[in-house]
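Data file: structure-v7.txt. Format and content: compact mmCIF, C-alpha atoms and all ligand atoms.
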# COMPACT_ATOMS: atom_id res chain seq x y z
CA MET A 291 -21.97 239.85 47.93
CA SER A 292 -19.98 242.60 46.42
CA GLY A 293 -18.78 245.08 48.95
CA PHE A 294 -18.21 242.47 51.61
CA ILE A 295 -14.49 242.74 51.74
CA ASP A 296 -12.27 242.22 54.72
CA GLU A 297 -8.95 244.10 54.66
CA ALA A 298 -5.86 244.37 56.81
CA GLN A 299 -2.24 245.40 56.60
CA ILE A 300 0.50 243.07 57.70
CA HIS A 301 4.17 243.66 58.45
CA LEU A 302 6.48 240.68 58.02
CA LYS A 303 10.12 240.55 59.05
CA ALA A 304 12.24 237.55 58.14
CA GLY A 305 15.19 236.65 60.36
CA ASP A 306 18.63 238.18 59.79
CA GLY A 307 21.46 235.88 58.85
CA GLY A 308 24.09 235.19 61.50
CA ALA A 309 27.61 236.57 60.95
CA GLY A 310 30.48 234.41 59.82
CA ALA A 311 33.33 234.02 62.29
CA VAL A 312 37.00 234.97 61.99
CA SER A 313 39.06 232.35 63.76
CA PHE A 314 42.30 230.39 63.35
CA ARG A 315 43.05 226.88 64.47
CA ARG A 316 45.03 226.52 67.66
CA GLU A 317 46.50 223.12 68.38
CA ALA A 318 49.24 222.07 70.73
CA HIS A 319 51.68 221.09 68.01
CA VAL A 320 50.57 223.48 65.26
CA PRO A 321 51.94 226.99 65.91
CA ARG A 322 49.83 228.79 63.29
CA GLY A 323 46.78 226.89 62.15
CA GLY A 324 44.60 227.69 59.17
CA PRO A 325 41.37 229.70 59.27
CA ASP A 326 38.47 227.85 60.89
CA GLY A 327 35.72 230.49 61.31
CA GLY A 328 32.32 228.88 60.70
CA ASP A 329 29.42 230.32 58.70
CA GLY A 330 26.45 232.11 60.22
CA GLY A 331 23.05 230.41 59.98
CA SER A 332 20.39 231.83 57.65
CA GLY A 333 17.50 233.79 59.12
CA GLY A 334 14.08 232.14 59.24
CA ASP A 335 11.58 232.76 56.43
CA VAL A 336 8.05 234.04 56.88
CA TRP A 337 5.38 232.08 55.02
CA LEU A 338 1.75 232.91 54.44
CA VAL A 339 -0.39 229.77 54.56
CA SER A 340 -4.06 229.62 53.65
CA SER A 341 -6.05 227.67 56.16
CA THR A 342 -9.62 226.95 57.12
CA ASN A 343 -8.64 227.49 60.78
CA VAL A 344 -9.09 231.22 60.26
CA SER A 345 -12.05 232.88 58.62
CA SER A 346 -11.23 236.56 58.79
CA LEU A 347 -8.33 239.03 58.79
CA LEU A 348 -9.45 240.48 62.10
CA ALA A 349 -6.41 239.19 63.99
CA PHE A 350 -4.07 241.39 61.94
CA LYS A 351 -5.93 244.65 62.62
CA ASP A 352 -4.54 245.04 66.15
CA HIS A 353 -1.42 242.91 65.73
CA PRO A 354 0.01 243.37 62.24
CA HIS A 355 3.61 242.34 63.02
CA ARG A 356 5.07 238.86 62.52
CA LYS A 357 8.76 238.06 62.81
CA ALA A 358 10.89 234.98 62.17
CA SER A 359 14.00 234.35 64.28
CA ASN A 360 17.56 235.27 63.34
CA GLY A 361 20.30 232.87 62.34
CA VAL A 362 23.01 232.16 64.90
CA HIS A 363 26.55 233.51 64.35
CA GLY A 364 29.27 231.16 63.23
CA GLN A 365 32.03 230.19 65.67
CA GLY A 366 35.60 228.98 65.70
CA LYS A 367 36.48 225.33 65.15
CA ALA A 368 34.44 225.51 61.94
CA LYS A 369 31.18 225.56 63.90
CA ASN A 370 28.34 226.85 61.72
CA GLY A 371 25.51 228.80 63.34
CA ALA A 372 22.02 227.29 63.46
CA ARG A 373 19.35 228.41 61.02
CA GLY A 374 16.62 230.73 62.32
CA GLN A 375 13.18 229.16 62.59
CA ASP A 376 10.66 229.76 59.84
CA ILE A 377 7.21 230.92 60.83
CA GLU A 378 3.90 230.26 59.15
CA VAL A 379 1.24 232.93 59.33
CA GLU A 380 -2.23 231.52 58.76
CA VAL A 381 -4.60 233.51 56.57
CA PRO A 382 -8.10 232.57 55.43
CA GLU A 383 -8.43 230.82 52.09
CA GLY A 384 -9.33 233.37 49.43
CA THR A 385 -6.78 235.89 50.73
CA ILE A 386 -5.40 238.24 48.11
CA VAL A 387 -1.97 239.71 48.84
CA LYS A 388 -1.18 243.12 47.39
CA ASN A 389 1.79 245.42 47.70
CA LEU A 390 1.26 248.92 49.07
CA ASN A 391 0.75 250.19 45.50
CA GLY A 392 -2.32 248.00 45.27
CA GLU A 393 -0.81 245.52 42.80
CA ILE A 394 -1.78 241.89 43.33
CA ILE A 395 1.24 239.76 44.19
CA VAL A 396 -0.35 236.46 45.03
CA GLN A 397 -3.74 234.89 45.71
CA LEU A 398 -4.10 232.05 48.16
CA LEU A 399 -7.33 230.55 46.96
CA GLY A 400 -7.33 226.92 48.03
CA SER A 401 -6.59 225.49 51.43
CA GLY A 402 -3.04 224.79 52.58
CA GLN A 403 -1.25 226.90 49.99
CA ARG A 404 2.09 228.33 51.10
CA TRP A 405 3.84 231.42 49.83
CA MET A 406 7.16 232.76 51.08
CA ALA A 407 6.34 236.38 51.87
CA ALA A 408 9.67 237.40 53.42
CA GLN A 409 12.92 235.54 52.91
CA GLY A 410 15.43 235.18 55.71
CA GLY A 411 18.87 236.73 55.23
CA ARG A 412 21.64 234.39 54.19
CA GLY A 413 24.22 233.66 56.85
CA GLY A 414 27.62 235.30 56.39
CA ARG A 415 30.50 233.04 55.43
CA GLY A 416 33.23 232.51 58.00
CA ASN A 417 36.87 233.20 57.18
CA ALA A 418 37.46 229.51 56.49
CA SER A 419 35.44 229.99 53.29
CA PHE A 420 37.80 232.65 51.98
CA LEU A 421 40.92 230.50 52.00
CA SER A 422 42.55 230.36 48.58
CA ASN A 423 46.04 229.94 47.19
CA LYS A 424 46.35 233.74 47.18
CA ARG A 425 44.72 234.24 50.57
CA ARG A 426 46.42 231.97 53.11
CA ALA A 427 45.17 233.69 56.23
CA PRO A 428 41.92 235.52 55.48
CA ASN A 429 41.26 237.83 58.43
CA PHE A 430 37.71 238.76 57.48
CA ALA A 431 34.30 237.16 57.35
CA GLU A 432 30.91 238.20 56.00
CA GLN A 433 28.17 239.78 58.05
CA GLY A 434 24.82 238.06 57.88
CA GLU A 435 22.41 239.44 55.31
CA VAL A 436 19.50 241.40 56.70
CA GLY A 437 16.22 239.47 56.39
CA GLU A 438 13.53 240.81 54.08
CA GLU A 439 10.95 243.10 55.58
CA HIS A 440 7.65 243.87 53.86
CA TRP A 441 4.33 245.51 54.42
CA TYR A 442 1.48 243.91 52.51
CA ASN A 443 -2.19 244.70 52.10
CA LEU A 444 -4.31 241.63 52.62
CA GLU A 445 -7.78 241.41 51.17
CA LEU A 446 -10.32 238.72 51.64
CA LYS A 447 -13.23 238.34 49.31
CA LEU A 448 -15.76 236.39 51.25
CA PHE A 449 -17.56 233.57 49.59
CA ALA A 450 -20.35 232.12 51.63
CA ASP A 451 -20.16 228.54 52.83
CA VAL A 452 -23.93 228.28 53.09
CA ALA A 453 -26.60 230.05 51.02
CA LEU A 454 -30.12 230.54 52.38
CA VAL A 455 -32.68 229.84 49.69
CA GLY A 456 -36.43 230.28 50.17
CA PHE A 457 -39.59 232.08 49.15
CA PRO A 458 -39.97 235.73 50.06
CA ASN A 459 -41.05 236.06 53.68
CA ALA A 460 -39.85 232.53 54.58
CA GLY A 461 -37.76 233.91 57.43
CA LYS A 462 -34.28 233.88 55.86
CA SER A 463 -33.21 237.27 57.18
CA THR A 464 -34.63 236.51 60.60
CA LEU A 465 -32.62 233.29 60.72
CA ILE A 466 -29.32 234.93 59.75
CA SER A 467 -29.95 237.66 62.31
CA VAL A 468 -30.15 235.15 65.17
CA ILE A 469 -27.25 232.90 64.17
CA SER A 470 -24.72 235.56 63.12
CA SER A 471 -23.86 239.17 63.75
CA ALA A 472 -25.58 240.24 60.50
CA LYS A 473 -28.40 242.74 61.08
CA PRO A 474 -30.55 242.71 57.94
CA LYS A 475 -33.92 244.34 57.56
CA ILE A 476 -36.78 242.06 58.57
CA ALA A 477 -40.45 242.69 57.79
CA ASN A 478 -43.68 240.85 57.24
CA TYR A 479 -43.92 241.42 53.50
CA PRO A 480 -42.24 239.81 50.48
CA PHE A 481 -39.02 241.19 48.99
CA THR A 482 -37.80 242.91 52.10
CA THR A 483 -34.26 241.86 51.28
CA LEU A 484 -33.02 243.62 48.16
CA GLU A 485 -29.28 242.87 48.43
CA PRO A 486 -27.54 239.75 49.74
CA ASN A 487 -26.33 239.82 53.36
CA LEU A 488 -23.45 237.83 54.73
CA GLY A 489 -23.04 236.75 58.31
CA VAL A 490 -20.30 234.82 60.11
CA VAL A 491 -21.63 232.01 62.34
CA LYS A 492 -19.29 231.62 65.29
CA ALA A 493 -18.23 228.01 65.78
CA GLY A 494 -20.17 226.25 68.48
CA ILE A 495 -22.06 229.22 69.95
CA THR A 496 -25.72 230.21 69.79
CA GLN A 497 -27.92 232.16 72.16
CA TRP A 498 -29.82 228.90 72.72
CA GLY A 499 -26.95 226.59 73.54
CA SER A 500 -23.88 225.16 71.91
CA PHE A 501 -23.40 222.93 68.90
CA GLY A 502 -20.51 220.88 67.53
CA ALA A 503 -18.41 222.76 64.95
CA ASN A 504 -14.72 222.99 64.28
CA ARG A 505 -14.67 226.37 62.60
CA ASP A 506 -16.67 229.52 61.88
CA PHE A 507 -18.65 229.52 58.68
CA ILE A 508 -20.30 232.14 56.53
CA VAL A 509 -23.97 232.22 55.66
CA ALA A 510 -25.50 234.29 52.86
CA ASP A 511 -29.08 235.52 52.97
CA ILE A 512 -30.26 236.26 49.45
CA PRO A 513 -33.49 237.84 48.21
CA GLY A 514 -36.43 235.46 48.01
CA LEU A 515 -36.97 233.19 45.02
CA ILE A 516 -40.40 232.86 43.40
CA GLU A 517 -41.75 230.66 40.63
CA GLY A 518 -40.30 231.95 37.38
CA ALA A 519 -37.23 233.43 39.08
CA SER A 520 -34.94 231.64 36.62
CA THR A 521 -36.62 233.51 33.76
CA GLY A 522 -36.15 236.80 35.55
CA LYS A 523 -39.27 237.11 37.71
CA GLY A 524 -38.86 238.76 41.08
CA LEU A 525 -35.42 239.62 42.42
CA GLY A 526 -33.85 236.26 43.05
CA HIS A 527 -32.49 235.69 39.59
CA GLN A 528 -29.91 238.42 39.57
CA PHE A 529 -28.57 237.09 42.85
CA LEU A 530 -28.40 233.42 41.97
CA ARG A 531 -24.88 233.94 40.67
CA HIS A 532 -23.83 234.74 44.22
CA ILE A 533 -24.55 231.23 45.31
CA GLU A 534 -22.50 229.59 42.56
CA ARG A 535 -19.46 229.47 44.82
CA THR A 536 -21.22 228.44 48.01
CA LYS A 537 -20.60 224.96 49.35
CA VAL A 538 -23.96 224.08 50.86
CA LEU A 539 -27.55 225.16 50.17
CA LEU A 540 -30.04 225.61 52.97
CA LEU A 541 -33.60 225.53 51.63
CA LEU A 542 -35.97 227.22 54.02
CA ILE A 543 -39.60 226.07 53.75
CA ASP A 544 -42.16 228.41 55.32
CA LEU A 545 -44.30 226.14 57.53
CA SER A 546 -46.81 228.93 58.25
CA SER A 547 -47.65 229.21 54.56
CA GLU A 548 -50.80 228.01 52.83
CA THR A 549 -48.58 226.51 50.15
CA SER A 550 -47.65 222.95 51.13
CA ALA A 551 -44.06 222.12 52.03
CA LEU A 552 -43.75 219.75 49.09
CA VAL A 553 -44.86 222.34 46.55
CA GLN A 554 -42.48 224.95 47.99
CA GLU A 555 -39.59 222.51 47.83
CA LYS A 556 -40.40 221.54 44.25
CA ILE A 557 -40.62 225.15 43.04
CA LEU A 558 -37.37 226.12 44.74
CA LEU A 559 -35.46 223.15 43.31
CA ASP A 560 -36.96 223.75 39.87
CA GLU A 561 -35.82 227.34 39.82
CA LEU A 562 -32.33 226.48 41.02
CA GLY A 563 -31.96 223.71 38.44
CA LYS A 564 -33.19 225.90 35.60
CA TYR A 565 -30.65 228.54 36.52
CA ASP A 566 -27.77 226.08 36.75
CA SER A 567 -28.25 222.34 36.98
CA ALA A 568 -24.97 222.03 38.93
CA LEU A 569 -26.72 223.72 41.86
CA LEU A 570 -28.83 220.58 42.30
CA GLU A 571 -25.67 218.57 42.91
CA ARG A 572 -24.62 220.84 45.76
CA PRO A 573 -25.11 219.29 49.21
CA ARG A 574 -28.31 220.73 50.69
CA LEU A 575 -30.38 220.72 53.81
CA ILE A 576 -34.15 221.25 53.70
CA VAL A 577 -35.53 222.83 56.84
CA GLY A 578 -38.99 223.98 57.89
CA SER A 579 -39.12 227.49 59.40
CA LYS A 580 -41.55 229.23 61.77
CA THR A 581 -42.46 226.00 63.53
CA ASP A 582 -43.95 228.10 66.38
CA VAL A 583 -46.71 229.35 64.06
CA MET A 584 -46.89 226.47 61.64
CA ASN A 585 -49.86 225.50 59.56
CA PRO A 586 -50.63 221.92 60.75
CA ASP A 587 -51.50 220.82 57.21
CA ASN A 588 -48.14 221.71 55.67
CA GLY A 589 -47.11 218.04 55.44
CA PHE A 590 -43.44 218.70 56.23
CA GLU A 591 -41.25 215.92 57.58
CA GLY A 592 -37.76 216.82 58.63
CA LEU A 593 -35.82 219.27 60.76
CA THR A 594 -37.96 222.21 61.86
CA ILE A 595 -36.79 225.44 63.43
CA SER A 596 -38.11 228.64 64.88
CA ALA A 597 -35.97 231.76 64.77
CA VAL A 598 -38.24 233.22 67.45
CA THR A 599 -38.13 230.46 70.09
CA GLY A 600 -34.78 229.00 69.01
CA SER A 601 -36.17 225.50 68.70
CA GLY A 602 -34.03 223.34 66.40
CA ILE A 603 -31.38 226.03 65.84
CA PRO A 604 -28.39 224.35 67.54
CA LYS A 605 -29.20 221.12 65.69
CA LEU A 606 -29.46 222.97 62.39
CA LEU A 607 -26.06 224.65 62.87
CA ASN A 608 -24.49 221.37 63.84
CA GLU A 609 -25.71 219.72 60.64
CA LEU A 610 -24.68 222.68 58.50
CA SER A 611 -21.19 222.72 59.92
CA GLN A 612 -20.83 218.97 59.27
CA LEU A 613 -21.84 219.47 55.64
CA VAL A 614 -19.45 222.39 55.20
CA LYS A 615 -16.66 220.29 56.66
CA GLN A 616 -17.40 217.42 54.25
CA VAL A 617 -17.23 219.73 51.26
CA ASP A 618 -13.98 221.27 52.55
CA SER A 619 -12.34 217.88 52.66
CA ILE A 620 -13.18 216.91 49.08
CA LYS A 621 -12.59 220.29 47.49
CA ALA A 622 -9.82 220.12 44.91
CA GLU A 623 -6.85 222.33 45.59
CA GLU A 624 -6.69 225.36 43.38
CA PRO A 625 -3.27 226.36 42.16
CA ILE A 626 -1.38 229.18 43.79
CA VAL A 627 -1.29 232.22 41.52
CA ILE A 628 1.76 234.43 41.57
CA HIS A 629 1.37 237.67 39.68
CA LYS A 630 4.53 239.52 40.46
CA ILE A 631 7.90 238.62 41.80
CA GLU A 632 10.56 241.02 42.95
CA PRO A 633 13.27 241.68 40.35
CA ASP A 634 16.62 240.21 41.26
CA SER A 635 18.89 241.70 38.62
CA ILE A 636 21.31 244.61 38.85
CA PHE A 637 20.48 248.08 37.64
CA ALA A 638 22.67 251.16 37.17
CA ARG A 639 21.06 254.58 37.09
CA LYS A 640 22.55 258.00 36.44
CA ILE A 641 21.69 260.35 39.32
CA GLY A 642 23.74 263.38 38.32
CA GLU A 643 26.69 264.31 36.22
CA HIS A 644 29.42 261.68 36.70
CA ASN A 645 27.34 259.98 39.41
CA PHE A 646 25.74 256.54 39.20
CA VAL A 647 23.78 254.41 41.61
CA VAL A 648 23.72 250.64 41.36
CA THR A 649 20.79 248.70 42.85
CA GLY A 650 19.74 245.05 42.83
CA LYS A 651 19.77 242.40 45.46
CA GLU A 652 23.06 240.70 44.63
CA ALA A 653 25.04 243.93 44.39
CA LEU A 654 23.57 245.35 47.59
CA ARG A 655 24.17 242.08 49.35
CA ALA A 656 27.87 241.95 48.43
CA VAL A 657 28.30 245.41 49.91
CA ALA A 658 26.09 244.97 52.95
CA VAL A 659 27.56 241.76 54.29
CA ASN A 660 31.20 242.76 54.21
CA ASP A 661 33.23 245.01 56.47
CA LEU A 662 34.34 247.70 54.08
CA ASN A 663 37.01 249.00 56.49
CA ASN A 664 38.95 245.80 56.11
CA PRO A 665 41.17 246.07 53.00
CA ALA A 666 41.10 242.33 52.34
CA ALA A 667 37.30 242.30 52.57
CA LEU A 668 37.06 245.37 50.32
CA ASP A 669 39.22 243.58 47.77
CA TYR A 670 36.88 240.64 47.88
CA VAL A 671 33.82 242.90 47.44
CA GLN A 672 35.35 244.53 44.37
CA SER A 673 36.03 241.21 42.70
CA ARG A 674 32.56 239.97 43.62
CA LEU A 675 30.90 243.06 42.08
CA LYS A 676 32.87 242.54 38.91
CA LYS A 677 31.86 238.90 38.81
CA ILE A 678 28.14 239.64 39.01
CA GLY A 679 28.44 242.14 36.17
CA VAL A 680 28.41 245.58 37.81
CA ASP A 681 31.04 246.87 35.33
CA LYS A 682 28.85 245.86 32.43
CA VAL A 683 25.66 247.51 33.66
CA LEU A 684 27.61 250.67 34.50
CA LYS A 685 28.99 250.83 30.96
CA ARG A 686 25.55 250.17 29.51
CA ALA A 687 24.12 253.01 31.60
CA GLY A 688 26.76 255.33 30.14
CA ALA A 689 29.29 255.50 32.98
CA MET A 690 32.81 256.68 32.05
CA TYR A 691 36.03 255.89 33.85
CA GLY A 692 36.46 258.47 36.56
CA ASP A 693 32.73 258.70 37.37
CA SER A 694 31.54 258.07 40.93
CA VAL A 695 29.57 254.94 41.70
CA HIS A 696 27.40 254.33 44.77
CA ILE A 697 26.21 250.91 45.88
CA GLY A 698 24.52 250.87 49.27
CA SER A 699 27.05 252.34 51.70
CA LEU A 700 29.98 251.91 49.29
CA SER A 701 31.18 254.70 47.01
CA PHE A 702 34.10 254.31 44.62
CA THR A 703 35.51 255.63 41.38
CA PHE A 704 34.81 253.69 38.21
CA GLU A 705 38.25 252.65 36.96
CA GLN A 706 39.64 250.51 34.23
CA ASP A 707 41.35 247.37 35.60
N1 LIG B 801 -43.41 233.49 64.42
C1 LIG B 801 -42.33 233.52 63.67
N2 LIG B 801 -42.16 234.51 62.79
C2 LIG B 801 -41.05 234.52 62.02
C3 LIG B 801 -40.07 233.52 62.14
N3 LIG B 801 -39.09 233.79 61.26
C4 LIG B 801 -39.44 234.92 60.61
N4 LIG B 801 -40.64 235.36 61.07
C5 LIG B 801 -41.36 236.54 60.59
O1 LIG B 801 -41.60 236.38 59.20
C6 LIG B 801 -41.56 237.64 58.53
C7 LIG B 801 -40.59 237.60 57.36
O2 LIG B 801 -39.27 237.40 57.86
P1 LIG B 801 -37.99 237.78 57.04
O3 LIG B 801 -36.86 237.23 57.82
O4 LIG B 801 -37.94 239.21 56.69
O5 LIG B 801 -38.20 236.91 55.72
P2 LIG B 801 -37.26 236.76 54.44
O6 LIG B 801 -37.26 235.34 54.04
O7 LIG B 801 -35.96 237.38 54.69
O8 LIG B 801 -38.07 237.59 53.37
P3 LIG B 801 -37.54 238.36 52.05
O9 LIG B 801 -36.38 239.19 52.44
O10 LIG B 801 -38.68 239.18 51.63
O11 LIG B 801 -37.21 237.30 51.06
C8 LIG B 801 -41.19 238.66 59.60
O12 LIG B 801 -42.34 239.30 60.07
C9 LIG B 801 -40.57 237.81 60.70
O13 LIG B 801 -40.71 238.39 61.98
C10 LIG B 801 -40.27 232.46 63.10
O14 LIG B 801 -39.50 231.54 63.27
N5 LIG B 801 -41.44 232.52 63.83
MG MG B 802 -35.05 238.91 53.86
For this file, write the structure as structure tokens.
Ligand SMILES: Nc1nc2c(ncn2[C@@H]2O[C@H](COP(=O)(O)OP(=O)(O)OP(=O)(O)O)[C@@H](O)[C@H]2O)c(=O)[nH]1
Ligand SMILES: [Mg+2]
Amino acid sequence: MSGFIDEAQIHLKAGDGGAGAVSFRREAHVPRGGPDGGDGGSGGDVWLVSSTNVSSLLAFKDHPHRKASNGVHGQGKAKNGARGQDIEVEVPEGTIVKNLNGEIIVQLLGSGQRWMAAQGGRGGRGNASFLSNKRRAPNFAEQGEVGEEHWYNLELKLFADVALVGFPNAGKSTLISVISSAKPKIANYPFTTLEPNLGVVKAGITQWGSFGANRDFIVADIPGLIEGASTGKGLGHQFLRHIERTKVLLLLIDLSSETSALVQEKILLDELGKYDSALLERPRLIVGSKTDVMNPDNGFEGLTISAVTGSGIPKLLNELSQLVKQVDSIKAEEPIVIHKIEPDSIFARKIGEHNFVVTGKEALRAVAVNDLNNPAALDYVQSRLKKIGVDKVLKRAGAMYGDSVHIGSLSFTFEQD
């Protein structure tokens, strides 16, 4: 099933933090009250959640943007702003998240796994937070932090829910062609199918009527199995590995064949078991095909279908979808795998003679959320930068007193205290 990869780009914007307020208490009997500006609320986060409710990345192709709401600004009377609402973006299980450089960041393999893909900006602190014994009447507050914004490449490696297993010519490709959008080659000779085909069966819809199903599922048509396949005869063997991850096996018995149904079933199960005995534990459905041209002596008892007349097809899909659902509900959750997280530390880099740039989330944040035109706020920013170690990284990068330093929109001269 190599080559069957679904891809899409997605743009996620977390909510911005609300601004802190500048306000002072006003009471009838208190002429000059203390600062009471409340904090802004944080912006909402954007989460990716793997879910069986979606089976492809198609929805993102036309609508790649998802946005969480902003935090509310703080107000006077120490009123804090409300937090922005988080949003959850559902992706199919098996989704691989990459950055635009193609590096894997996270894989959401099991169902219900959550990963925070864009973090909301922190709310700015109101002036009440800046009260200290030195600062009796702080007349500044922080801006809210801008929420994270990211483009990601999403990739989905499809693993089939159902694998079609049968002798060559049993009608596997014909069946997948009438229940899904797959268009494989069909012909009246063995080994027509040389490569596996995948098709998505749309929940509840067939050309011959509806069936009960709560989600789409994926069916794989693999090359026919013959006796001796497990020892390498025919083509089937090299493709058996493709069905190792499928949830349900559908054994198709050719009812038009001279070989009795029982013998076909025995050979197919034998070959599967010899390849990997775990395959025999997989839930399976055994179905007779080509009932419209069946050999009356085939001795088959059970569900029969015809891909030509459609008889039995809605019932078949109903039973398959029930089985898939059962397996979904017992499947153990696989752990979330995080390959790469964004660095959080501070870096100083020389960009020219006597010129340095400082990057890193904390440093940029201190600069971005404060009004640099306000001297008191600027004072606060300087002490904050020192506290998080900007002086140290500048020295380590070779900065000398008198050099220029740039952090976001702030430029200043590196000076000894
Ligand atoms: N009458 C009738 N013919 C069918 C039915 N299903 C398949 N056929 C015919 O059976 C032949 C083989 O069908 P395929 O779907 O190619 O069989 P396959 O199992 O994919 O075969 P391989 O790819 O060789 O393994 C074709 O001529 C089909 O038209 C059916 O339900 N009724
Ligand atoms: Mg085929």
Please extract the residues at most 8 Å from ligand LIG 801 (chain B), counting all atoms listed in the file, and provide them as a count of residues only, using the chain letters and residue numbers of this document. 36
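Using only C-alpha atoms, the shortest contact distance between Lys564 (chain A) and any of A:Val381, A:Ile508, A:Ala519, A:Leu444 is found at A:Ala519.
Closest approach to Ser547 (chain A) among A:Leu613, A:Arg415, A:Ile533, A:Phe590 is made by A:Phe590 (distances from only C-alpha atoms).
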Of A:Leu454, A:Ile386, A:Val344, A:Ile377, the one sitting nearest ligand MG 802 (chain B) when using only C-alpha atoms and all ligand atoms is A:Leu454
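The gap separating CA of Ser471 (chain A) from CA of Gly524 (chain A) is 27.2 Å, in Å to one decimal.
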Nearest residue to ligand MG 802 (chain B) out of A:Pro354, A:Pro474, A:Pro604, A:Gly324, using all atoms listed in the file? A:Pro474
Ref. answer, residues at most 10 Å from (30.0, 252.8, 48.6) with only C-alpha atoms, as a ChimeraX atom specification: /A:647-648,654,657-658,662,694-703
Those residues you just picked out, can you put them in a file as a tab-separated table (two decimals), keeping the file's coordinate frame with C-alpha atoms?
chain	number	residue	atom	x	y	z
A	647	VAL	CA	23.78	254.41	41.61
A	648	VAL	CA	23.72	250.64	41.36
A	654	LEU	CA	23.57	245.35	47.59
A	657	VAL	CA	28.30	245.41	49.91
A	658	ALA	CA	26.09	244.97	52.95
A	662	LEU	CA	34.34	247.70	54.08
A	694	SER	CA	31.54	258.07	40.93
A	695	VAL	CA	29.57	254.94	41.70
A	696	HIS	CA	27.40	254.33	44.77
A	697	ILE	CA	26.21	250.91	45.88
A	698	GLY	CA	24.52	250.87	49.27
A	699	SER	CA	27.05	252.34	51.70
A	700	LEU	CA	29.98	251.91	49.29
A	701	SER	CA	31.18	254.70	47.01
A	702	PHE	CA	34.10	254.31	44.62
A	703	THR	CA	35.51	255.63	41.38
Extract, using all atoms listed in the file, all DNA, RNA and protein residues at most 10 Å from Glu705 (chain A), discarding same-chain residues fewer than 6 positions from it, and format them as a PyMOL selection string. chain A and resi 681+690-694
Coordinates-based distance that separates CA of Asp661 (chain A) from CA of Leu421 (chain A) (Å, one decimal):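 Pair CA of Leu421 (chain A) / CA of Asp661 (chain A) returns 17.0 Å.
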Minimum-distance residue to Asn429 (chain A), chosen among A:Asn417, A:Gln365, A:Ser500, A:Asn585 (using only C-alpha atoms):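 Of all the options, A:Asn417 lies closest to Asn429 (chain A).
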To one decimal place in Å, what is the distance between CA of Gly592 (chain A) and CA of Leu545 (chain A)?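 Distance between the two atoms: 11.4 Å.
Counting only C-alpha atoms and all ligand atoms, the residue from A:Asp376, A:Glu317, A:Glu445, A:Glu485 that sits nearest to ligand MG 802 (chain B) is A:Glu485.
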Skip region 308-315 of chain A itself and residues of its chain fewer than 2 positions away, then list as a ChimeraX atom specification all residues within 10 Å of it, counting all atoms listed in the file. /A:305-306,317,320-333,360-374,411-419,427-436,659-660
Given the selection you just returned, output its residues as a file containing C-alpha atoms, formatted as a short mmCIF file (atom, residue, chain, number, x, y, z; two decimals), keeping the file's coordinate frame.
data_model
loop_
_atom_site.label_atom_id
_atom_site.label_comp_id
_atom_site.auth_asym_id
_atom_site.auth_seq_id
_atom_site.Cartn_x
_atom_site.Cartn_y
_atom_site.Cartn_z
CA GLY A 305 15.19 236.65 60.36
CA ASP A 306 18.63 238.18 59.79
CA GLU A 317 46.50 223.12 68.38
CA VAL A 320 50.57 223.48 65.26
CA PRO A 321 51.94 226.99 65.91
CA ARG A 322 49.83 228.79 63.29
CA GLY A 323 46.78 226.89 62.15
CA GLY A 324 44.60 227.69 59.17
CA PRO A 325 41.37 229.70 59.27
CA ASP A 326 38.47 227.85 60.89
CA GLY A 327 35.72 230.49 61.31
CA GLY A 328 32.32 228.88 60.70
CA ASP A 329 29.42 230.32 58.70
CA GLY A 330 26.45 232.11 60.22
CA GLY A 331 23.05 230.41 59.98
CA SER A 332 20.39 231.83 57.65
CA GLY A 333 17.50 233.79 59.12
CA ASN A 360 17.56 235.27 63.34
CA GLY A 361 20.30 232.87 62.34
CA VAL A 362 23.01 232.16 64.90
CA HIS A 363 26.55 233.51 64.35
CA GLY A 364 29.27 231.16 63.23
CA GLN A 365 32.03 230.19 65.67
CA GLY A 366 35.60 228.98 65.70
CA LYS A 367 36.48 225.33 65.15
CA ALA A 368 34.44 225.51 61.94
CA LYS A 369 31.18 225.56 63.90
CA ASN A 370 28.34 226.85 61.72
CA GLY A 371 25.51 228.80 63.34
CA ALA A 372 22.02 227.29 63.46
CA ARG A 373 19.35 228.41 61.02
CA GLY A 374 16.62 230.73 62.32
CA GLY A 411 18.87 236.73 55.23
CA ARG A 412 21.64 234.39 54.19
CA GLY A 413 24.22 233.66 56.85
CA GLY A 414 27.62 235.30 56.39
CA ARG A 415 30.50 233.04 55.43
CA GLY A 416 33.23 232.51 58.00
CA ASN A 417 36.87 233.20 57.18
CA ALA A 418 37.46 229.51 56.49
CA SER A 419 35.44 229.99 53.29
CA ALA A 427 45.17 233.69 56.23
CA PRO A 428 41.92 235.52 55.48
CA ASN A 429 41.26 237.83 58.43
CA PHE A 430 37.71 238.76 57.48
CA ALA A 431 34.30 237.16 57.35
CA GLU A 432 30.91 238.20 56.00
CA GLN A 433 28.17 239.78 58.05
CA GLY A 434 24.82 238.06 57.88
CA GLU A 435 22.41 239.44 55.31
CA VAL A 436 19.50 241.40 56.70
CA VAL A 659 27.56 241.76 54.29
CA ASN A 660 31.20 242.76 54.21
#
Excluding same-chain residues fewer than 4 positions from Ile678 (chain A), what lies within 8 Å of it counting all atoms listed in the file, as a ChimeraX atom specification? /A:652-653,674
Can you tell me which residues surround Lys473 (chain A) at a distance of at most 9 Å, considering only C-alpha atoms, apart from same-chain residues fewer than 5 positions away, and format the answer as a list of chain:residue names? A:Ser463, A:Thr464, A:Ile466, A:Ser467, A:Val468, A:Asn487, A:Gly489
